[in-house]
Amino acid sequence: MREKFLPLATVGVPLDRPNVDTDAIIPARYLKTVRRTGLGEGLFFAWRYDAEGSPRPGFPLNMPEYSGGKVLVAGENFGCGSSREHAVWALMDFGFRAVIAPSYSDIFHNNCLKNGMLPVTLPAGEVRSLMDALLAAPGGKVEVDLSGQTVTGPGGDVHPFRIDPFPKRCLLEGLDEIALTLSMAGEIDRYERERRKATPWLFGDLAG
Amino acid sequence: MATLFRKIWDLHAVKSHGADALLYIDRHLVHEVTSPQAFEGLRLAGRAVRRPGAILAVPDHNVPTTPDRASRIEDRESREQIEALRRNALGAGVALFDISDPRQGIVHVIGPEAGLVQPGITIVCGDSHTGTLGAFGAVAFGIGTSEVEHVLATQALWQKMPRQMRVTVTGGLLPFVTPKDVILAVIAKIGAAGGTGHAIEFSGDTIRRMTMEGRMTVCNMTIEAGSRFGLIAPDEVTFAYLKGRPLAPSPGHWDAAVSYWRGLSSDPDASWDREVALDAGALEPHVTWGTSPQDALPVGGAVPDPESHADPAERARIRRALEYMALSPGTRLTDIPVDKVFIGSCTNARIEDLRAAAAVVKGRKVAPNVTALVVPGSGQVKKQSEEEGLDRVFLEAGFQWRLPGCSMCLGMNPDKLKSGERCASTSNRNFEGRQGPGGRTHLMSPPMAAAAAIAGRIADVREVVR
Ligand code: SF4
């Protein structure tokens, strides 16, 4: 069982850059862990800190107005690059529970859903207006309601979003997807038997 | 009527709900960085690995590339990850090409080498460059760690059918123009997010003439265009590559396998959601100037001027990239000096890549301002290179000759750029900090990187060899 996704009403944190890659979200040197926790300290490291390790004052994650925000508002193609799930773990460890962006890389999008984090896709114009509102008046609140599939901006503006029914259910109920698939083991067995007949050369043991 | 991708997908659908399918996964590669949490998740839930015989494990990202690595690895966390991989593989009965195994190497290089990547299969790895393996006409894709855990437990994965894109490349390549230049040009054309949500099949006579290694270079970088899946229909080149490899179909199964493989291609009337054509006949060697793989230009070009762009977002992006790269608009690419040269990675560290680089290097010297290293993609590539004397060519020119691994591609093992250093690299990502915090990356082909090492700056390889 995972944590269920509950409605959010929190400070929105703007990150006004397109193509934010997962190397930027969490640099490779933080991937040398065998755990899922504790990655928040490396989140956006190169943007949060300068070469001496001091926080850069202008970066949103360092600004007191945005502290405690659980919703990140980002540019297009968010999470591109490496498949590292550490990017999602780092965002969650820092406190984020949802991202709002015009588009995501496919792998990052999947990784969010598997961890109980909601990637909301809104049209570019609507993300722009949320971003501008949060930049103009830091500390503005954003509400995310997954059941009703809406985002409400600081000005009370309501933005409906789409999500496939299956991931929605998994998020809301905190379902364990592996358990669901394991309940279909009979069908997988059957498939495997047929495949073994059709392509027997694929069933040798790679360990020899 | 169906695309090749669709056919393989349908053959593997254990069940489907609309566009979602539970896909059976034929083969699974794991490495030390994205798998520990997956194995741990299984243990915590009391679950077993369903089909250990379908999995191959290898340490590659973290491993140092210096000769003392078998006896000691300085970095404690890296050592722990490599040990965890070993423990997890041995515990589950999974094949392991361990750090001292002559078959060890970069995961996307060793799978094909062993012959386990075959037409018509589904294959996954917790690594975004798994699309490389689609070069064999397979549905090959990168997954996250939770998905790794899911495949370990069930040998299957829920996936949404991607849209279908075809990229047709035509024309003979000029001398010193390589598959790397082809894919850099494709990415520049469609953009770093141009393939998002799509599977990309590469076709056309240029692709058909490529060797398997060249095709892998092309498919390797589909993820840099946003697409998780690149693939190329198998043909005689594919079959010849596979024949006799240790994990290829045995002689008893070979004919049946080949006749199955021959049926694997897109139907002539298959429908595509998007089609892109590239005439490669006049293509020049390409180099990137920015911090996205789409920022590639022919080597004769100059650093672009952000102010010449109409779109304010693109203007801001280019400005930021130039600031990070410490470049000014209008600078000719061939006037950019480099500090390091890296010939390696799953994009360009196979034997043909090293031969092409060695041919440029032979009888020349690395410029005094440059540190240059060659990191073979696998133990097999290293061995063959040494049999052919390529190591001597590199060493005599002043290159370092290393042990196989991801090395300077990603800045998580001892091979990294220092802040402010500039590198001519045959890898696939030029993101900020990718090769080390503050490092600056220019992507290019092996002959172009070799030329940069000799010239001490980005150079047109055709002028260096003249
Ligand atoms: S060589 Fe680079 S891109 Fe390839 S698997 Fe290793 S780190 Fe990833």
# chains A, B, ... in the order shown; residues from 1 in each chain; ligands from 1

call {"tool": "closest_atom_pairs", "arguments": {"of": "chain A", "to": "chain B", "cutoff": "6 Å", "atoms": "only C-alpha atoms", "output": "JSON lines"}}
result
{"residue": "A:Ala28", "atom": "CA", "partner": "B:Met412", "partner_atom": "CA", "distance": 5.3}
{"residue": "A:Arg29", "atom": "CA", "partner": "B:Met412", "partner_atom": "CA", "distance": 4.9}
{"residue": "A:Lys32", "atom": "CA", "partner": "B:Glu77", "partner_atom": "CA", "distance": 5.5}
{"residue": "A:Val34", "atom": "CA", "partner": "B:Pro36", "partner_atom": "CA", "distance": 5.3}
{"residue": "A:Arg35", "atom": "CA", "partner": "B:Gln37", "partner_atom": "CA", "distance": 5.9}
{"residue": "A:Ser82", "atom": "CA", "partner": "B:Ser128", "partner_atom": "CA", "distance": 5.3}
{"residue": "A:Ser83", "atom": "CA", "partner": "B:Ser128", "partner_atom": "CA", "distance": 4.9}
{"residue": "A:Glu85", "atom": "CA", "partner": "B:Gly144", "partner_atom": "CA", "distance": 5.3}
{"residue": "A:Asn111", "atom": "CA", "partner": "B:Gly144", "partner_atom": "CA", "distance": 5.9}
{"residue": "A:Ile178", "atom": "CA", "partner": "B:His150", "partner_atom": "CA", "distance": 5.6}
{"residue": "A:Trp201", "atom": "CA", "partner": "B:Pro249", "partner_atom": "CA", "distance": 5.3}
{"residue": "A:Asp205", "atom": "CA", "partner": "B:Gly53", "partner_atom": "CA", "distance": 4.2}
{"residue": "A:Leu206", "atom": "CA", "partner": "B:Gly53", "partner_atom": "CA", "distance": 5.2}
{"residue": "A:Ala207", "atom": "CA", "partner": "B:Ala95", "partner_atom": "CA", "distance": 4.2}

call {"tool": "write_last_selection", "arguments": {"atoms": "N, CA, C and O atoms", "output": "PDB file, in the first residue's frame"}}
result
ATOM      1  N   ALA A  28      23.938  13.185 -10.991  1.00  0.00           N
ATOM      2  CA  ALA A  28      24.309  11.764 -10.933  1.00  0.00           C
ATOM      3  C   ALA A  28      24.987  11.379  -9.631  1.00  0.00           C
ATOM      4  O   ALA A  28      24.796  10.278  -9.133  1.00  0.00           O
ATOM      5  N   ARG A  29      25.761  12.305  -9.047  1.00  0.00           N
ATOM      6  CA  ARG A  29      26.497  11.874  -7.859  1.00  0.00           C
ATOM      7  C   ARG A  29      25.577  11.545  -6.693  1.00  0.00           C
ATOM      8  O   ARG A  29      25.979  10.910  -5.734  1.00  0.00           O
ATOM      9  N   LYS A  32      24.050   7.465  -6.029  1.00  0.00           N
ATOM     10  CA  LYS A  32      24.799   6.341  -5.481  1.00  0.00           C
ATOM     11  C   LYS A  32      24.203   5.889  -4.158  1.00  0.00           C
ATOM     12  O   LYS A  32      24.887   5.729  -3.177  1.00  0.00           O
ATOM     13  N   VAL A  34      21.338   3.198  -2.198  1.00  0.00           N
ATOM     14  CA  VAL A  34      20.521   1.998  -2.389  1.00  0.00           C
ATOM     15  C   VAL A  34      19.155   2.201  -1.727  1.00  0.00           C
ATOM     16  O   VAL A  34      18.398   1.278  -1.564  1.00  0.00           O
ATOM     17  N   ARG A  35      18.854   3.464  -1.358  1.00  0.00           N
ATOM     18  CA  ARG A  35      17.562   3.768  -0.731  1.00  0.00           C
ATOM     19  C   ARG A  35      16.775   4.764  -1.569  1.00  0.00           C
ATOM     20  O   ARG A  35      17.292   5.358  -2.493  1.00  0.00           O
ATOM     21  N   SER A  82      17.522  11.230 -18.538  1.00  0.00           N
ATOM     22  CA  SER A  82      17.730   9.947 -17.859  1.00  0.00           C
ATOM     23  C   SER A  82      16.461   9.410 -17.207  1.00  0.00           C
ATOM     24  O   SER A  82      15.604  10.168 -16.763  1.00  0.00           O
ATOM     25  N   SER A  83      16.378   8.064 -17.121  1.00  0.00           N
ATOM     26  CA  SER A  83      15.193   7.417 -16.552  1.00  0.00           C
ATOM     27  C   SER A  83      15.180   7.440 -15.038  1.00  0.00           C
ATOM     28  O   SER A  83      14.249   6.950 -14.426  1.00  0.00           O
ATOM     29  N   GLU A  85      14.586   7.271 -11.472  1.00  0.00           N
ATOM     30  CA  GLU A  85      13.403   7.511 -10.650  1.00  0.00           C
ATOM     31  C   GLU A  85      13.772   8.383  -9.448  1.00  0.00           C
ATOM     32  O   GLU A  85      12.919   8.965  -8.793  1.00  0.00           O
ATOM     33  N   ASN A 111       7.140   7.440 -13.925  1.00  0.00           N
ATOM     34  CA  ASN A 111       7.772   7.338 -12.610  1.00  0.00           C
ATOM     35  C   ASN A 111       6.974   8.094 -11.545  1.00  0.00           C
ATOM     36  O   ASN A 111       6.885   7.647 -10.405  1.00  0.00           O
ATOM     37  N   ILE A 178       1.906  -3.831  -8.528  1.00  0.00           N
ATOM     38  CA  ILE A 178       2.491  -5.171  -8.681  1.00  0.00           C
ATOM     39  C   ILE A 178       1.516  -6.227  -8.173  1.00  0.00           C
ATOM     40  O   ILE A 178       1.322  -7.272  -8.809  1.00  0.00           O
ATOM     41  N   TRP A 201      13.649 -20.443 -28.750  1.00  0.00           N
ATOM     42  CA  TRP A 201      15.027 -19.957 -28.574  1.00  0.00           C
ATOM     43  C   TRP A 201      15.123 -18.817 -27.558  1.00  0.00           C
ATOM     44  O   TRP A 201      16.210 -18.442 -27.159  1.00  0.00           O
ATOM     45  N   ASP A 205      18.348 -20.193 -20.463  1.00  0.00           N
ATOM     46  CA  ASP A 205      18.713 -19.406 -19.291  1.00  0.00           C
ATOM     47  C   ASP A 205      19.936 -18.549 -19.638  1.00  0.00           C
ATOM     48  O   ASP A 205      20.964 -19.074 -20.064  1.00  0.00           O
ATOM     49  N   LEU A 206      19.837 -17.222 -19.460  1.00  0.00           N
ATOM     50  CA  LEU A 206      20.960 -16.352 -19.813  1.00  0.00           C
ATOM     51  C   LEU A 206      22.190 -16.657 -18.960  1.00  0.00           C
ATOM     52  O   LEU A 206      23.314 -16.360 -19.343  1.00  0.00           O
ATOM     53  N   ALA A 207      21.943 -17.260 -17.789  1.00  0.00           N
ATOM     54  CA  ALA A 207      23.087 -17.616 -16.934  1.00  0.00           C
ATOM     55  C   ALA A 207      23.767 -18.886 -17.443  1.00  0.00           C
ATOM     56  O   ALA A 207      24.821 -19.266 -16.942  1.00  0.00           O
TER      57      ALA A 207
END

call {"tool": "select_by_dssp", "arguments": {"residues": "region 200-414 of chain B", "states": "strand (DSSP E or B)", "output": "ChimeraX atom specification"}}
result
/B:200-203,229-231,274-279,286-288,296-298,302,332,337,340-343,371-374,378,400-401

call {"tool": "closest_residue", "arguments": {"among": "B:Ser407, B:Thr222, B:Gln104, B:Thr168", "to": "Gly379 (chain B)", "atoms": "only C-alpha atoms"}}
result
B:Gln104

call {"tool": "residues_around", "arguments": {"residues": "Gly230 (chain B)", "least_positions_apart": "4", "cutoff": "6 Å", "atoms": "only C-alpha atoms", "output": "number ranges by chain"}}
result
B: 131, 134, 200-201, 219, 222

call {"tool": "write_last_selection", "arguments": {"atoms": "all heavy atoms", "output": "PDB file, in the first residue's frame"}}
result
ATOM      1  N   GLY B 131      16.547   2.123 -25.744  1.00  0.00           N
ATOM      2  CA  GLY B 131      16.090   2.189 -27.126  1.00  0.00           C
ATOM      3  C   GLY B 131      17.172   1.784 -28.125  1.00  0.00           C
ATOM      4  O   GLY B 131      16.867   1.376 -29.248  1.00  0.00           O
ATOM      5  N   GLY B 134      16.616  -1.376 -29.953  1.00  0.00           N
ATOM      6  CA  GLY B 134      15.609  -1.435 -31.000  1.00  0.00           C
ATOM      7  C   GLY B 134      16.222  -1.571 -32.382  1.00  0.00           C
ATOM      8  O   GLY B 134      15.534  -1.897 -33.348  1.00  0.00           O
ATOM      9  N   ILE B 200       9.652   5.556 -32.707  1.00  0.00           N
ATOM     10  CA  ILE B 200      10.200   5.996 -33.992  1.00  0.00           C
ATOM     11  C   ILE B 200      10.827   4.827 -34.733  1.00  0.00           C
ATOM     12  O   ILE B 200      11.757   4.190 -34.225  1.00  0.00           O
ATOM     13  CB  ILE B 200      11.270   7.098 -33.804  1.00  0.00           C
ATOM     14  CG1 ILE B 200      10.686   8.306 -33.065  1.00  0.00           C
ATOM     15  CG2 ILE B 200      11.850   7.514 -35.159  1.00  0.00           C
ATOM     16  CD1 ILE B 200      11.671   9.460 -32.878  1.00  0.00           C
ATOM     17  N   GLU B 201      10.313   4.534 -35.917  1.00  0.00           N
ATOM     18  CA  GLU B 201      10.990   3.552 -36.766  1.00  0.00           C
ATOM     19  C   GLU B 201      11.851   4.303 -37.771  1.00  0.00           C
ATOM     20  O   GLU B 201      11.384   5.225 -38.443  1.00  0.00           O
ATOM     21  CB  GLU B 201       9.990   2.646 -37.509  1.00  0.00           C
ATOM     22  CG  GLU B 201      10.730   1.634 -38.381  1.00  0.00           C
ATOM     23  CD  GLU B 201       9.853   0.573 -39.054  1.00  0.00           C
ATOM     24  OE1 GLU B 201       8.723   0.330 -38.579  1.00  0.00           O
ATOM     25  OE2 GLU B 201      10.304   0.008 -40.069  1.00  0.00           O
ATOM     26  N   CYS B 219      19.631   4.494 -32.935  1.00  0.00           N
ATOM     27  CA  CYS B 219      18.539   4.214 -31.993  1.00  0.00           C
ATOM     28  C   CYS B 219      18.884   4.682 -30.578  1.00  0.00           C
ATOM     29  O   CYS B 219      18.006   5.052 -29.812  1.00  0.00           O
ATOM     30  CB  CYS B 219      18.206   2.727 -31.991  1.00  0.00           C
ATOM     31  SG  CYS B 219      17.412   2.197 -33.525  1.00  0.00           S
ATOM     32  N   THR B 222      17.440   8.143 -29.817  1.00  0.00           N
ATOM     33  CA  THR B 222      16.022   8.504 -30.003  1.00  0.00           C
ATOM     34  C   THR B 222      15.467   9.146 -28.745  1.00  0.00           C
ATOM     35  O   THR B 222      14.619  10.027 -28.818  1.00  0.00           O
ATOM     36  CB  THR B 222      15.140   7.292 -30.371  1.00  0.00           C
ATOM     37  OG1 THR B 222      15.423   6.234 -29.468  1.00  0.00           O
ATOM     38  CG2 THR B 222      15.357   6.842 -31.780  1.00  0.00           C
TER      39      THR B 222
END

call {"tool": "residues_around", "arguments": {"residues": "Phe202 (chain B)", "least_positions_apart": "6", "cutoff": "8 Å", "atoms": "only C-alpha atoms", "output": "list in words"}}
result
Arg166, Val167, Thr168, Val169, Gly230, Leu231 and Ile232 of chain B

call {"tool": "write_last_selection", "arguments": {"atoms": "all heavy atoms", "output": "mmCIF file, in the first residue's frame"}}
result
data_model
loop_
_atom_site.group_PDB
_atom_site.id
_atom_site.type_symbol
_atom_site.label_atom_id
_atom_site.label_comp_id
_atom_site.auth_asym_id
_atom_site.auth_seq_id
_atom_site.Cartn_x
_atom_site.Cartn_y
_atom_site.Cartn_z
ATOM 1 N N ARG B 166 7.577 7.642 -38.343
ATOM 2 C CA ARG B 166 8.616 7.050 -39.186
ATOM 3 C C ARG B 166 9.576 8.142 -39.620
ATOM 4 O O ARG B 166 9.149 9.204 -40.090
ATOM 5 C CB ARG B 166 8.006 6.368 -40.408
ATOM 6 C CG ARG B 166 9.090 5.778 -41.321
ATOM 7 C CD ARG B 166 8.546 4.779 -42.309
ATOM 8 N NE ARG B 166 7.625 5.391 -43.252
ATOM 9 C CZ ARG B 166 7.022 4.702 -44.230
ATOM 10 N NH1 ARG B 166 7.233 3.404 -44.358
ATOM 11 N NH2 ARG B 166 6.206 5.317 -45.050
ATOM 12 N N VAL B 167 10.850 7.866 -39.463
ATOM 13 C CA VAL B 167 11.876 8.786 -39.936
ATOM 14 C C VAL B 167 12.604 8.083 -41.080
ATOM 15 O O VAL B 167 13.193 7.016 -40.882
ATOM 16 C CB VAL B 167 12.860 9.163 -38.810
ATOM 17 C CG1 VAL B 167 14.022 9.972 -39.366
ATOM 18 C CG2 VAL B 167 12.148 9.941 -37.705
ATOM 19 N N THR B 168 12.504 8.652 -42.261
ATOM 20 C CA THR B 168 13.124 8.036 -43.429
ATOM 21 C C THR B 168 14.369 8.827 -43.808
ATOM 22 O O THR B 168 14.287 10.036 -44.060
ATOM 23 C CB THR B 168 12.125 8.024 -44.604
ATOM 24 O OG1 THR B 168 10.922 7.396 -44.143
ATOM 25 C CG2 THR B 168 12.674 7.249 -45.786
ATOM 26 N N VAL B 169 15.500 8.145 -43.827
ATOM 27 C CA VAL B 169 16.759 8.814 -44.133
ATOM 28 C C VAL B 169 17.276 8.254 -45.454
ATOM 29 O O VAL B 169 17.429 7.042 -45.604
ATOM 30 C CB VAL B 169 17.802 8.582 -43.022
ATOM 31 C CG1 VAL B 169 19.037 9.445 -43.253
ATOM 32 C CG2 VAL B 169 17.214 8.863 -41.650
ATOM 33 N N GLY B 230 13.210 3.517 -30.258
ATOM 34 C CA GLY B 230 13.651 3.639 -31.639
ATOM 35 C C GLY B 230 13.717 2.223 -32.172
ATOM 36 O O GLY B 230 14.048 1.312 -31.426
ATOM 37 N N LEU B 231 13.393 2.016 -33.423
ATOM 38 C CA LEU B 231 13.595 0.669 -33.945
ATOM 39 C C LEU B 231 13.854 0.680 -35.445
ATOM 40 O O LEU B 231 13.538 1.652 -36.136
ATOM 41 C CB LEU B 231 12.463 -0.281 -33.561
ATOM 42 C CG LEU B 231 11.136 -0.315 -34.313
ATOM 43 C CD1 LEU B 231 10.384 -1.589 -33.949
ATOM 44 C CD2 LEU B 231 10.287 0.875 -33.931
ATOM 45 N N ILE B 232 14.467 -0.407 -35.884
ATOM 46 C CA ILE B 232 14.826 -0.581 -37.286
ATOM 47 C C ILE B 232 14.469 -2.019 -37.652
ATOM 48 O O ILE B 232 14.828 -2.958 -36.924
ATOM 49 C CB ILE B 232 16.343 -0.331 -37.484
ATOM 50 C CG1 ILE B 232 16.670 1.149 -37.214
ATOM 51 C CG2 ILE B 232 16.785 -0.740 -38.895
ATOM 52 C CD1 ILE B 232 18.148 1.480 -37.178
#

call {"tool": "residues_around", "arguments": {"residues": "Ile343 (chain B)", "least_positions_apart": "2", "cutoff": "12 Å", "atoms": "only C-alpha atoms", "output": "VMD selection string"}}
result
chain B and resid 340 to 341 345 to 351 353 to 358 361 371 to 377 394 399 to 402 404 to 409 423 to 428 442 to 453

call {"tool": "residues_around", "arguments": {"residues": "Glu41 (chain A)", "least_positions_apart": "4", "cutoff": "8 Å", "atoms": "only C-alpha atoms", "output": "VMD selection string"}}
result
chain A and resid 45 90 94

call {"tool": "write_last_selection", "arguments": {"atoms": "C-alpha atoms", "output": "short mmCIF file (atom, residue, chain, number, x, y, z; two decimals), in the first residue's frame"}}
result
data_model
loop_
_atom_site.label_atom_id
_atom_site.label_comp_id
_atom_site.auth_asym_id
_atom_site.auth_seq_id
_atom_site.Cartn_x
_atom_site.Cartn_y
_atom_site.Cartn_z
CA PHE A 45 21.55 21.11 -6.60
CA ALA A 90 14.07 13.76 -4.71
CA PHE A 94 11.71 17.67 -0.65
#

call {"tool": "select_by_dssp", "arguments": {"residues": "region 101-155 of chain A", "states": "helix (DSSP H, G or I)", "output": "PyMOL selection string"}}
result
chain A and resi 106-114+124-136

call {"tool": "atom_distance", "arguments": {"atom1": "CA of Glu284 (chain B)", "atom2": "CA of Val464 (chain B)"}}
result
15.0 Å

call {"tool": "decode", "arguments": {"residues": "region 77-87 of chain A", "atoms": "all heavy atoms", "output": "PDB file, in the first residue's frame"}}
result
ATOM      1  N   ASN A  77       8.236  19.792 -21.472  1.00  0.00           N
ATOM      2  CA  ASN A  77       9.195  18.685 -21.539  1.00  0.00           C
ATOM      3  C   ASN A  77       9.911  18.484 -20.202  1.00  0.00           C
ATOM      4  O   ASN A  77      11.103  18.201 -20.155  1.00  0.00           O
ATOM      5  CB  ASN A  77      10.205  18.936 -22.670  1.00  0.00           C
ATOM      6  CG  ASN A  77      10.929  17.677 -23.102  1.00  0.00           C
ATOM      7  OD1 ASN A  77      10.427  16.566 -22.930  1.00  0.00           O
ATOM      8  ND2 ASN A  77      12.124  17.830 -23.648  1.00  0.00           N
ATOM      9  N   PHE A  78       9.162  18.604 -19.131  1.00  0.00           N
ATOM     10  CA  PHE A  78       9.753  18.475 -17.795  1.00  0.00           C
ATOM     11  C   PHE A  78      10.181  17.029 -17.548  1.00  0.00           C
ATOM     12  O   PHE A  78       9.464  16.093 -17.887  1.00  0.00           O
ATOM     13  CB  PHE A  78       8.741  18.915 -16.728  1.00  0.00           C
ATOM     14  CG  PHE A  78       9.335  18.986 -15.345  1.00  0.00           C
ATOM     15  CD1 PHE A  78      10.135  20.059 -14.973  1.00  0.00           C
ATOM     16  CD2 PHE A  78       9.113  17.969 -14.427  1.00  0.00           C
ATOM     17  CE1 PHE A  78      10.697  20.127 -13.704  1.00  0.00           C
ATOM     18  CE2 PHE A  78       9.677  18.026 -13.149  1.00  0.00           C
ATOM     19  CZ  PHE A  78      10.465  19.101 -12.792  1.00  0.00           C
ATOM     20  N   GLY A  79      11.368  16.863 -16.956  1.00  0.00           N
ATOM     21  CA  GLY A  79      11.832  15.516 -16.602  1.00  0.00           C
ATOM     22  C   GLY A  79      12.418  14.750 -17.766  1.00  0.00           C
ATOM     23  O   GLY A  79      12.440  13.520 -17.746  1.00  0.00           O
ATOM     24  N   CYS A  80      12.920  15.448 -18.775  1.00  0.00           N
ATOM     25  CA  CYS A  80      13.494  14.747 -19.924  1.00  0.00           C
ATOM     26  C   CYS A  80      14.860  14.161 -19.551  1.00  0.00           C
ATOM     27  O   CYS A  80      15.429  14.491 -18.508  1.00  0.00           O
ATOM     28  CB  CYS A  80      13.601  15.671 -21.136  1.00  0.00           C
ATOM     29  SG  CYS A  80      14.647  17.111 -20.890  1.00  0.00           S
ATOM     30  N   GLY A  81      15.363  13.290 -20.410  1.00  0.00           N
ATOM     31  CA  GLY A  81      16.687  12.717 -20.181  1.00  0.00           C
ATOM     32  C   GLY A  81      16.630  11.380 -19.477  1.00  0.00           C
ATOM     33  O   GLY A  81      15.783  10.549 -19.773  1.00  0.00           O
ATOM     34  N   SER A  82      17.522  11.230 -18.538  1.00  0.00           N
ATOM     35  CA  SER A  82      17.730   9.947 -17.859  1.00  0.00           C
ATOM     36  C   SER A  82      16.461   9.410 -17.207  1.00  0.00           C
ATOM     37  O   SER A  82      15.604  10.168 -16.763  1.00  0.00           O
ATOM     38  CB  SER A  82      18.819  10.152 -16.804  1.00  0.00           C
ATOM     39  OG  SER A  82      18.720   9.212 -15.782  1.00  0.00           O
ATOM     40  N   SER A  83      16.378   8.064 -17.121  1.00  0.00           N
ATOM     41  CA  SER A  83      15.193   7.417 -16.552  1.00  0.00           C
ATOM     42  C   SER A  83      15.180   7.440 -15.038  1.00  0.00           C
ATOM     43  O   SER A  83      14.249   6.950 -14.426  1.00  0.00           O
ATOM     44  CB  SER A  83      15.156   5.963 -17.017  1.00  0.00           C
ATOM     45  OG  SER A  83      16.260   5.252 -16.465  1.00  0.00           O
ATOM     46  N   ARG A  84      16.210   7.975 -14.416  1.00  0.00           N
ATOM     47  CA  ARG A  84      16.385   7.883 -12.964  1.00  0.00           C
ATOM     48  C   ARG A  84      15.117   8.251 -12.184  1.00  0.00           C
ATOM     49  O   ARG A  84      14.670   9.387 -12.188  1.00  0.00           O
ATOM     50  CB  ARG A  84      17.562   8.772 -12.533  1.00  0.00           C
ATOM     51  CG  ARG A  84      17.412  10.211 -12.944  1.00  0.00           C
ATOM     52  CD  ARG A  84      18.683  11.018 -12.680  1.00  0.00           C
ATOM     53  NE  ARG A  84      19.756  10.642 -13.594  1.00  0.00           N
ATOM     54  CZ  ARG A  84      20.873  11.313 -13.742  1.00  0.00           C
ATOM     55  NH1 ARG A  84      21.087  12.402 -13.030  1.00  0.00           N
ATOM     56  NH2 ARG A  84      21.797  10.902 -14.596  1.00  0.00           N
ATOM     57  N   GLU A  85      14.586   7.271 -11.472  1.00  0.00           N
ATOM     58  CA  GLU A  85      13.403   7.511 -10.650  1.00  0.00           C
ATOM     59  C   GLU A  85      13.772   8.383  -9.448  1.00  0.00           C
ATOM     60  O   GLU A  85      12.919   8.965  -8.793  1.00  0.00           O
ATOM     61  CB  GLU A  85      12.815   6.169 -10.203  1.00  0.00           C
ATOM     62  CG  GLU A  85      11.375   6.235  -9.741  1.00  0.00           C
ATOM     63  CD  GLU A  85      10.678   4.888  -9.844  1.00  0.00           C
ATOM     64  OE1 GLU A  85      10.820   4.208 -10.887  1.00  0.00           O
ATOM     65  OE2 GLU A  85      10.000   4.510  -8.886  1.00  0.00           O
ATOM     66  N   HIS A  86      15.081   8.457  -9.197  1.00  0.00           N
ATOM     67  CA  HIS A  86      15.594   9.320  -8.132  1.00  0.00           C
ATOM     68  C   HIS A  86      15.086  10.755  -8.291  1.00  0.00           C
ATOM     69  O   HIS A  86      14.988  11.488  -7.320  1.00  0.00           O
ATOM     70  CB  HIS A  86      17.127   9.315  -8.145  1.00  0.00           C
ATOM     71  CG  HIS A  86      17.734   7.947  -8.170  1.00  0.00           C
ATOM     72  ND1 HIS A  86      17.612   7.100  -9.254  1.00  0.00           N
ATOM     73  CD2 HIS A  86      18.445   7.261  -7.249  1.00  0.00           C
ATOM     74  CE1 HIS A  86      18.241   5.965  -9.000  1.00  0.00           C
ATOM     75  NE2 HIS A  86      18.755   6.033  -7.793  1.00  0.00           N
ATOM     76  N   ALA A  87      14.792  11.158  -9.526  1.00  0.00           N
ATOM     77  CA  ALA A  87      14.276  12.515  -9.750  1.00  0.00           C
ATOM     78  C   ALA A  87      12.943  12.682  -9.027  1.00  0.00           C
ATOM     79  O   ALA A  87      12.697  13.691  -8.359  1.00  0.00           O
ATOM     80  CB  ALA A  87      14.117  12.777 -11.249  1.00  0.00           C
TER      81      ALA A  87
END
